[in-house]
file entry-v5.cif (mmCIF, C-alpha atoms and all ligand atoms)
data_data
#
loop_
_atom_site.label_atom_id
_atom_site.label_comp_id
_atom_site.auth_asym_id
_atom_site.auth_seq_id
_atom_site.Cartn_x
_atom_site.Cartn_y
_atom_site.Cartn_z
CA MET A 1 0.00 0.00 0.00
CA THR A 2 1.18 3.54 -0.72
CA VAL A 3 0.10 6.66 1.15
CA SER A 4 -2.24 7.58 -1.70
CA ASP A 5 -4.36 4.52 -0.84
CA LEU A 6 -5.06 5.80 2.69
CA PRO A 7 -8.57 6.99 3.56
CA LYS A 8 -8.73 10.79 3.37
CA ILE A 9 -10.54 13.77 4.87
CA GLU A 10 -10.94 16.81 2.63
CA LEU A 11 -12.12 20.22 3.87
CA HIS A 12 -11.66 22.61 0.95
CA MET A 13 -13.25 21.89 -2.40
CA HIS A 14 -15.52 24.05 -4.55
CA LEU A 15 -18.35 21.95 -5.98
CA GLU A 16 -18.41 23.71 -9.38
CA GLY A 17 -14.61 23.80 -9.47
CA ALA A 18 -14.50 20.05 -9.00
CA ALA A 19 -16.72 19.37 -12.04
CA PRO A 20 -15.09 16.64 -14.14
CA PRO A 21 -14.37 17.97 -17.67
CA ALA A 22 -16.20 15.01 -19.27
CA PHE A 23 -19.30 15.84 -17.22
CA ILE A 24 -19.22 19.50 -18.30
CA ARG A 25 -18.66 18.48 -21.94
CA GLY A 26 -21.68 16.16 -21.78
CA LEU A 27 -23.88 18.83 -20.24
CA ALA A 28 -22.73 21.39 -22.82
CA LYS A 29 -23.63 19.00 -25.60
CA GLU A 30 -27.11 18.37 -24.17
CA LYS A 31 -27.65 22.12 -24.02
CA ASN A 32 -26.15 22.84 -27.45
CA THR A 33 -23.52 25.08 -25.88
CA ASP A 34 -20.14 25.27 -27.59
CA LEU A 35 -17.39 24.98 -24.98
CA ALA A 36 -14.76 23.39 -27.23
CA GLY A 37 -12.33 26.29 -26.64
CA ILE A 38 -11.86 25.54 -22.94
CA PHE A 39 -10.54 21.97 -23.37
CA ASP A 40 -7.13 20.76 -24.55
CA GLU A 41 -6.53 17.83 -26.91
CA ASN A 42 -6.74 15.40 -23.96
CA GLY A 43 -10.09 16.76 -22.89
CA ALA A 44 -8.75 18.53 -19.79
CA TYR A 45 -9.47 22.18 -18.91
CA LYS A 46 -7.04 24.52 -20.68
CA TYR A 47 -5.92 27.97 -19.46
CA LYS A 48 -2.81 30.14 -19.55
CA ASP A 49 -2.72 31.97 -16.23
CA PHE A 50 -4.85 32.85 -13.22
CA TRP A 51 -7.04 35.34 -15.12
CA ASP A 52 -7.59 32.89 -17.93
CA PHE A 53 -8.35 30.20 -15.35
CA LEU A 54 -11.18 32.40 -13.98
CA LYS A 55 -12.61 32.79 -17.50
CA VAL A 56 -12.46 29.06 -18.23
CA TYR A 57 -13.99 28.33 -14.81
CA GLU A 58 -16.84 30.70 -15.56
CA ALA A 59 -17.43 29.21 -19.02
CA ALA A 60 -17.41 25.65 -17.66
CA THR A 61 -19.86 26.44 -14.87
CA SER A 62 -22.16 28.44 -17.18
CA VAL A 63 -23.87 25.19 -18.25
CA LEU A 64 -24.93 24.42 -14.65
CA LYS A 65 -28.37 25.96 -14.54
CA SER A 66 -30.87 23.85 -12.61
CA PRO A 67 -31.21 21.81 -9.41
CA GLN A 68 -31.12 18.70 -11.62
CA ASP A 69 -27.77 19.83 -13.10
CA TYR A 70 -26.43 20.21 -9.55
CA TYR A 71 -27.76 16.81 -8.56
CA ARG A 72 -25.78 15.25 -11.39
CA LEU A 73 -22.75 17.46 -10.67
CA THR A 74 -22.71 16.40 -7.02
CA ARG A 75 -22.82 12.72 -7.96
CA ALA A 76 -20.03 13.16 -10.54
CA VAL A 77 -17.82 15.06 -8.08
CA LEU A 78 -18.33 12.63 -5.19
CA GLU A 79 -17.58 9.68 -7.48
CA GLU A 80 -14.20 11.28 -8.23
CA SER A 81 -13.55 11.96 -4.54
CA ALA A 82 -14.51 8.41 -3.56
CA ALA A 83 -12.09 7.13 -6.22
CA SER A 84 -9.34 8.91 -4.27
CA ASN A 85 -10.60 7.14 -1.14
CA VAL A 86 -11.92 10.37 0.36
CA ILE A 87 -14.31 9.25 3.09
CA TYR A 88 -15.41 12.68 4.32
CA THR A 89 -15.56 15.88 2.27
CA GLU A 90 -16.71 19.42 2.79
CA SER A 91 -17.79 21.26 -0.29
CA PHE A 92 -18.19 24.98 -0.84
CA LEU A 93 -21.50 25.82 -2.49
CA ALA A 94 -22.34 29.23 -3.90
CA PRO A 95 -25.99 30.27 -3.42
CA ASP A 96 -25.19 33.04 -5.93
CA PHE A 97 -24.90 30.37 -8.63
CA CYS A 98 -27.69 28.21 -7.17
CA GLY A 99 -30.75 30.41 -7.54
CA GLY A 100 -29.09 33.85 -7.58
CA GLY A 101 -29.19 34.24 -3.80
CA ASP A 102 -32.97 33.75 -3.56
CA VAL A 103 -33.73 31.66 -0.46
CA ALA A 104 -36.56 29.56 -1.95
CA ALA A 105 -34.58 28.82 -5.12
CA TRP A 106 -31.51 27.97 -3.04
CA GLN A 107 -33.57 25.49 -1.03
CA ASP A 108 -34.49 23.67 -4.26
CA TYR A 109 -30.86 23.49 -5.39
CA LEU A 110 -29.75 22.40 -1.94
CA ALA A 111 -32.37 19.63 -1.78
CA ALA A 112 -31.06 18.25 -5.10
CA ILE A 113 -27.44 18.42 -3.91
CA LYS A 114 -28.31 16.75 -0.62
CA GLN A 115 -30.21 13.98 -2.38
CA ALA A 116 -27.11 13.21 -4.46
CA ALA A 117 -24.90 13.35 -1.35
CA ASP A 118 -27.20 10.98 0.56
CA GLU A 119 -27.18 8.53 -2.34
CA MET A 120 -23.39 8.64 -2.62
CA GLU A 121 -23.04 8.09 1.12
CA ARG A 122 -25.09 4.90 0.77
CA GLU A 123 -23.46 3.78 -2.48
CA ALA A 124 -19.81 4.76 -1.97
CA GLY A 125 -19.49 5.42 1.76
CA ILE A 126 -18.44 9.05 1.30
CA VAL A 127 -19.88 11.61 3.73
CA MET A 128 -20.39 15.18 2.50
CA ARG A 129 -21.15 18.39 4.37
CA ALA A 130 -21.92 21.72 2.73
CA ILE A 131 -20.45 25.17 3.33
CA PRO A 132 -22.41 27.91 1.54
CA THR A 133 -19.92 30.53 0.48
CA CYS A 134 -20.24 34.18 -0.45
CA VAL A 135 -18.28 35.49 -3.41
CA ARG A 136 -16.00 38.29 -2.30
CA HIS A 137 -16.01 40.23 -5.57
CA PHE A 138 -19.83 40.33 -5.56
CA GLY A 139 -19.55 42.64 -2.55
CA PRO A 140 -20.84 42.81 1.05
CA ASP A 141 -24.53 43.36 0.23
CA GLN A 142 -24.72 40.22 -1.87
CA ALA A 143 -22.81 38.41 0.90
CA LYS A 144 -25.59 39.27 3.38
CA GLN A 145 -28.08 37.59 1.07
CA THR A 146 -25.80 34.54 0.84
CA ALA A 147 -25.51 34.43 4.63
CA LEU A 148 -29.30 34.55 4.85
CA CYS A 149 -29.53 31.55 2.49
CA ALA A 150 -27.03 29.70 4.68
CA ALA A 151 -28.76 30.69 7.93
CA GLU A 152 -32.16 29.56 6.61
CA THR A 153 -30.83 26.10 5.77
CA VAL A 154 -28.50 25.38 8.71
CA GLY A 155 -28.76 21.77 9.86
CA ASP A 156 -27.09 18.38 9.61
CA PHE A 157 -25.97 19.00 6.02
CA VAL A 158 -25.30 22.75 5.90
CA THR A 159 -22.88 23.24 8.75
CA GLY A 160 -20.59 26.13 7.84
CA PHE A 161 -20.28 29.43 6.06
CA GLY A 162 -17.35 30.77 4.09
CA MET A 163 -16.03 33.28 1.62
CA GLY A 164 -14.16 32.73 -1.64
CA GLY A 165 -13.61 34.88 -4.71
CA ASP A 166 -11.11 37.56 -5.61
CA GLU A 167 -8.96 38.35 -2.57
CA ALA A 168 -7.97 41.69 -4.08
CA MET A 169 -11.51 43.07 -3.66
CA GLY A 170 -12.28 44.89 -0.41
CA LYS A 171 -11.31 43.79 3.09
CA GLN A 172 -12.37 40.84 5.23
CA ASN A 173 -14.02 43.30 7.63
CA ASP A 174 -16.42 44.48 4.89
CA PHE A 175 -18.11 41.08 5.27
CA LYS A 176 -18.46 41.17 9.07
CA TYR A 177 -22.26 41.49 8.95
CA ALA A 178 -22.64 38.35 6.82
CA PHE A 179 -20.28 36.35 9.04
CA ASP A 180 -21.98 37.57 12.24
CA MET A 181 -25.35 36.48 10.83
CA ALA A 182 -23.97 33.07 9.92
CA ARG A 183 -22.33 32.62 13.34
CA GLU A 184 -25.56 33.55 15.15
CA ALA A 185 -27.39 30.93 13.08
CA GLY A 186 -25.00 28.31 14.44
CA LEU A 187 -22.77 27.95 11.37
CA ARG A 188 -19.03 27.44 11.70
CA LEU A 189 -16.78 29.81 9.80
CA THR A 190 -13.93 29.79 7.30
CA SER A 191 -12.64 32.38 4.85
CA HIS A 192 -10.15 32.40 1.98
CA ALA A 193 -7.11 34.50 2.91
CA GLY A 194 -3.35 34.37 2.51
CA GLU A 195 -3.42 32.82 -0.96
CA TRP A 196 -3.15 35.96 -3.12
CA GLY A 197 -3.34 38.32 -0.14
CA GLY A 198 -0.40 38.55 2.25
CA PRO A 199 -0.22 37.61 5.93
CA GLU A 200 -2.24 40.70 6.92
CA SER A 201 -5.27 39.21 5.14
CA VAL A 202 -5.01 36.13 7.37
CA ARG A 203 -4.80 38.34 10.46
CA ASP A 204 -7.85 40.31 9.26
CA ALA A 205 -9.93 37.15 8.76
CA ILE A 206 -9.13 35.87 12.25
CA ARG A 207 -9.67 39.19 13.99
CA ASP A 208 -12.58 40.67 12.00
CA LEU A 209 -14.57 37.60 10.97
CA LYS A 210 -13.57 35.35 13.90
CA VAL A 211 -13.13 32.33 11.66
CA GLU A 212 -11.78 29.06 13.06
CA ARG A 213 -10.35 27.92 9.73
CA ILE A 214 -8.59 29.76 6.92
CA GLY A 215 -8.90 28.77 3.26
CA HIS A 216 -5.25 28.50 2.15
CA GLY A 217 -3.59 30.87 4.67
CA VAL A 218 -0.19 29.69 3.48
CA ARG A 219 1.22 33.19 3.04
CA ALA A 220 1.09 33.53 6.83
CA ILE A 221 4.59 32.05 6.55
CA GLU A 222 5.81 35.53 5.56
CA ASP A 223 5.15 36.71 9.14
CA LEU A 224 6.49 34.29 11.73
CA ALA A 225 4.81 36.12 14.64
CA LEU A 226 1.51 35.44 12.89
CA VAL A 227 2.45 31.80 12.41
CA ASP A 228 2.99 31.54 16.18
CA GLU A 229 -0.39 33.18 16.83
CA ILE A 230 -2.15 30.78 14.48
CA ALA A 231 -0.48 27.79 16.11
CA GLU A 232 -1.32 29.10 19.58
CA ALA A 233 -4.97 29.80 18.73
CA GLY A 234 -5.39 26.42 17.03
CA ILE A 235 -6.60 28.02 13.80
CA VAL A 236 -6.67 25.37 11.08
CA LEU A 237 -5.32 26.01 7.58
CA GLU A 238 -7.07 24.39 4.61
CA VAL A 239 -3.92 24.02 2.53
CA CYS A 240 -4.23 23.20 -1.17
CA PRO A 241 -0.63 22.72 -2.37
CA GLY A 242 -1.45 21.47 -5.89
CA SER A 243 -3.71 24.49 -6.45
CA ASN A 244 -1.00 26.89 -5.21
CA VAL A 245 1.63 25.36 -7.50
CA ALA A 246 -0.70 25.20 -10.53
CA LEU A 247 -1.67 28.86 -10.15
CA GLY A 248 1.88 30.01 -9.48
CA VAL A 249 1.55 31.12 -5.84
CA TYR A 250 4.66 28.94 -5.45
CA PRO A 251 6.77 27.92 -8.46
CA LYS A 252 7.22 24.31 -7.40
CA TRP A 253 6.24 21.80 -4.73
CA SER A 254 9.54 22.11 -2.87
CA ASP A 255 8.89 25.89 -2.49
CA HIS A 256 5.56 25.26 -0.77
CA PRO A 257 5.48 26.22 2.95
CA ILE A 258 3.17 23.43 4.18
CA ALA A 259 5.96 21.44 5.82
CA GLU A 260 7.43 24.54 7.48
CA LEU A 261 4.01 25.63 8.79
CA ARG A 262 3.45 22.17 10.20
CA LYS A 263 6.90 22.12 11.81
CA ARG A 264 6.03 25.41 13.51
CA GLY A 265 2.99 23.85 15.14
CA VAL A 266 0.24 25.02 12.79
CA LYS A 267 -2.63 22.61 12.23
CA VAL A 268 -2.42 22.02 8.49
CA THR A 269 -4.80 19.95 6.38
CA VAL A 270 -4.67 19.02 2.69
CA SER A 271 -7.31 19.63 0.02
CA THR A 272 -7.64 19.96 -3.75
CA ASP A 273 -9.61 23.24 -4.14
CA ASP A 274 -10.72 22.87 -7.83
CA PRO A 275 -9.09 19.53 -8.63
CA PRO A 276 -9.59 18.98 -12.40
CA PHE A 277 -8.51 22.55 -13.13
CA PHE A 278 -5.20 21.83 -11.41
CA HIS A 279 -4.84 18.26 -12.73
CA SER A 280 -5.08 17.16 -9.13
CA THR A 281 -6.84 14.57 -7.01
CA MET A 282 -6.44 13.80 -3.32
CA ARG A 283 -4.31 10.80 -4.31
CA TYR A 284 -2.06 13.13 -6.32
CA GLU A 285 -1.72 15.58 -3.39
CA PHE A 286 -0.73 12.78 -0.99
CA ASP A 287 1.78 11.34 -3.48
CA ARG A 288 3.43 14.71 -4.18
CA LEU A 289 3.67 15.52 -0.44
CA ALA A 290 5.26 12.15 0.26
CA GLU A 291 7.68 12.60 -2.61
CA THR A 292 8.55 16.25 -1.85
CA PHE A 293 8.78 16.21 1.95
CA GLY A 294 9.39 12.55 2.68
CA TRP A 295 6.14 12.27 4.62
CA GLU A 296 5.11 8.77 5.59
CA GLU A 297 1.92 7.04 6.64
CA ALA A 298 2.10 8.42 10.21
CA ASP A 299 2.34 11.98 8.86
CA PHE A 300 -0.73 11.49 6.72
CA LEU A 301 -2.66 9.93 9.60
CA GLU A 302 -1.84 13.08 11.59
CA LEU A 303 -3.06 15.28 8.72
CA ASN A 304 -6.28 13.30 8.48
CA LYS A 305 -6.85 13.55 12.24
CA ALA A 306 -6.27 17.32 12.17
CA ALA A 307 -8.77 17.61 9.34
CA LEU A 308 -11.40 15.47 11.05
CA ASP A 309 -10.98 17.42 14.32
CA ALA A 310 -11.58 20.62 12.35
CA ALA A 311 -14.47 19.24 10.31
CA PHE A 312 -17.74 21.15 10.52
CA CYS A 313 -19.88 18.15 11.47
CA ASP A 314 -21.65 16.86 14.55
CA GLU A 315 -19.88 14.54 17.00
CA ALA A 316 -21.76 11.42 15.92
CA THR A 317 -20.56 11.91 12.34
CA ARG A 318 -17.02 12.69 13.51
CA GLY A 319 -16.96 9.49 15.58
CA ALA A 320 -18.27 7.35 12.73
CA VAL A 321 -15.70 8.75 10.28
CA ALA A 322 -12.88 8.40 12.85
CA LYS A 323 -13.51 4.65 13.01
CA LYS A 324 -12.85 4.39 9.27
CA LEU A 325 -9.54 6.25 9.59
CA GLU A 326 -8.03 3.69 11.92
CA PRO A 327 -5.61 1.29 10.24
CA ALA A 328 -7.34 -2.00 9.50
CA ASP A 329 -4.89 -4.02 11.60
CA ALA A 330 -5.23 -1.80 14.70
ZN ZN A 401 -10.72 27.71 -2.63
#

call {"tool": "encode", "arguments": {"input": "entry-v5.cif", "output": "structure tokens", "more": "lines below"}}
Ligand SMILES: [Zn+2]
result
Amino acid sequence: MTVSDLPKIELHMHLEGAAPPAFIRGLAKEKNTDLAGIFDENGAYKYKDFWDFLKVYEAATSVLKSPQDYYRLTRAVLEESAASNVIYTESFLAPDFCGGGDVAAWQDYLAAIKQAADEMEREAGIVMRAIPTCVRHFGPDQAKQTALCAAETVGDFVTGFGMGGDEAMGKQNDFKYAFDMAREAGLRLTSHAGEWGGPESVRDAIRDLKVERIGHGVRAIEDLALVDEIAEAGIVLEVCPGSNVALGVYPKWSDHPIAELRKRGVKVTVSTDDPPFFHSTMRYEFDRLAETFGWEEADFLELNKAALDAAFCDEATRGAVAKKLEPADA
């Protein structure tokens, strides 16, 4: 057995961003939409740089238009995750793309997504929880509407609230109202920071939005006092090394700070972000980490445990998943 065969816990994946290219091609064909330009000769997503990536992402997701499309998307994505032996996954959902932020429409989309997740839990043993996410570059007012969608649907399946989108737009604190609303509804909080933004963006998210997890957060490494604070406070980083390397945040795997952050006592976890766009899977991430940093099975068990401890699920679910993480011969 290699480390890539281990069961895995994933905390940071965008449902639309995880759409398998073949699934999107099929949907485009059904809808007579020409998306040929976004695929390379092998049928994978094709883009030149980060800005082009955003355009291709938008084009690919433009064919997702109904709850039924999201039902099929969720099944396709969870099949891929289960093939990497992911046993628990948290997925970011964007109410802005699922009904335009309207609560009733969002409920229809969410019901379809949950139905697919329930089926895949029975069929493939993968557990999914949902984190509705506001889109930073849509602004704070839209984020309030997204938080309302999340707050209205909090429960066993919708357990967190987050923020993604363009880190260059506005400040974390502009979204305080939305995060306060989500927290008061009982949702647990995470926000993207320290990917394109520097360490100050990580500090802002912790101080202003009072999040317990940070999406990426890797650029905290540029401020070692902050790294100590994060370690001390037990803030968990949702690290996506393959995404960072593919988008050029770090030129190569050996430049990535995940091992240094971990050595300094930060609780790091590993996720794929938008896997097919970065030619990644959870198996690939585990393999590259083992190869680059010499991590062994015990290291990956520790990563999985950190991720499960930080998972936004109830204790019964956490306990059930924990049993499946234990080595078979234990
Ligand atoms: Zn992300």

call {"tool": "residues_near_ligand", "arguments": {"input": "entry-v5.cif", "ligand": "ligand ZN 401 (chain A)", "cutoff": "9 Å", "atoms": "all atoms listed in the file", "output": "PyMOL selection string"}}
result
chain A and resi 12-14+17+92+163-165+192+215-216+238+240+243+272-274

call {"tool": "closest_residue", "arguments": {"input": "entry-v5.cif", "among": "A:Val103, A:Val321, A:Val158, A:Val268", "to": "Phe300 in chain A", "atoms": "all atoms listed in the file"}}
result
A:Val268

call {"tool": "closest_residue", "arguments": {"input": "entry-v5.cif", "among": "A:Thr33, A:Thr2, A:Thr292, A:Ser271", "to": "Ala59 in chain A", "atoms": "only C-alpha atoms"}}
result
A:Thr33

call {"tool": "closest_residue", "arguments": {"input": "entry-v5.cif", "among": "A:Arg203, A:Ala143, A:Met169, A:Ile131", "to": "Gly155 in chain A", "atoms": "all atoms listed in the file"}}
result
A:Ile131

call {"tool": "residues_around", "arguments": {"input": "entry-v5.cif", "residues": "Lys55 in chain A", "least_positions_apart": "6", "cutoff": "12 Å", "atoms": "only C-alpha atoms", "output": "count of residues only"}}
result
11

call {"tool": "build_atoms", "arguments": {"input": "entry-v5.cif", "residues": "range 254-275 of chain A", "atoms": "N, CA and C atoms", "output": "tab-separated table (two decimals), in the frame of the given file"}}
result
chain	number	residue	atom	x	y	z
A	254	SER	N	8.54	21.97	-3.93
A	254	SER	CA	9.54	22.11	-2.87
A	254	SER	C	9.59	23.53	-2.30
A	255	ASP	N	8.96	24.52	-3.01
A	255	ASP	CA	8.89	25.89	-2.49
A	255	ASP	C	7.69	26.08	-1.56
A	256	HIS	N	6.81	25.08	-1.51
A	256	HIS	CA	5.56	25.26	-0.77
A	256	HIS	C	5.80	25.21	0.74
A	257	PRO	N	5.18	26.13	1.51
A	257	PRO	CA	5.48	26.22	2.95
A	257	PRO	C	4.74	25.23	3.85
A	258	ILE	N	3.99	24.29	3.30
A	258	ILE	CA	3.17	23.43	4.18
A	258	ILE	C	3.99	22.70	5.24
A	259	ALA	N	5.16	22.20	4.86
A	259	ALA	CA	5.96	21.44	5.82
A	259	ALA	C	6.51	22.36	6.91
A	260	GLU	N	6.90	23.57	6.51
A	260	GLU	CA	7.43	24.54	7.48
A	260	GLU	C	6.33	25.00	8.45
A	261	LEU	N	5.14	25.23	7.94
A	261	LEU	CA	4.01	25.63	8.79
A	261	LEU	C	3.72	24.53	9.82
A	262	ARG	N	3.74	23.31	9.33
A	262	ARG	CA	3.45	22.17	10.20
A	262	ARG	C	4.53	22.04	11.28
A	263	LYS	N	5.78	22.21	10.86
A	263	LYS	CA	6.90	22.12	11.81
A	263	LYS	C	6.76	23.17	12.90
A	264	ARG	N	6.20	24.32	12.55
A	264	ARG	CA	6.03	25.41	13.51
A	264	ARG	C	4.76	25.27	14.34
A	265	GLY	N	4.10	24.14	14.24
A	265	GLY	CA	2.99	23.85	15.14
A	265	GLY	C	1.62	24.24	14.62
A	266	VAL	N	1.55	24.66	13.36
A	266	VAL	CA	0.24	25.02	12.79
A	266	VAL	C	-0.49	23.74	12.39
A	267	LYS	N	-1.81	23.74	12.65
A	267	LYS	CA	-2.63	22.61	12.23
A	267	LYS	C	-2.91	22.75	10.75
A	268	VAL	N	-2.20	21.97	9.94
A	268	VAL	CA	-2.42	22.02	8.49
A	268	VAL	C	-3.25	20.81	8.06
A	269	THR	N	-4.02	21.02	7.00
A	269	THR	CA	-4.80	19.95	6.38
A	269	THR	C	-4.54	20.05	4.88
A	270	VAL	N	-4.97	19.04	4.13
A	270	VAL	CA	-4.67	19.02	2.69
A	270	VAL	C	-5.95	18.85	1.88
A	271	SER	N	-6.13	19.70	0.88
A	271	SER	CA	-7.31	19.63	0.02
A	271	SER	C	-6.94	19.97	-1.42
A	272	THR	N	-7.93	19.78	-2.32
A	272	THR	CA	-7.64	19.96	-3.75
A	272	THR	C	-8.16	21.27	-4.34
A	273	ASP	N	-9.10	21.96	-3.66
A	273	ASP	CA	-9.61	23.24	-4.14
A	273	ASP	C	-10.52	23.06	-5.37
A	274	ASP	N	-9.96	23.07	-6.57
A	274	ASP	CA	-10.72	22.87	-7.83
A	274	ASP	C	-9.99	21.80	-8.63
A	275	PRO	N	-10.06	20.54	-8.18
A	275	PRO	CA	-9.09	19.53	-8.63
A	275	PRO	C	-8.87	19.37	-10.13
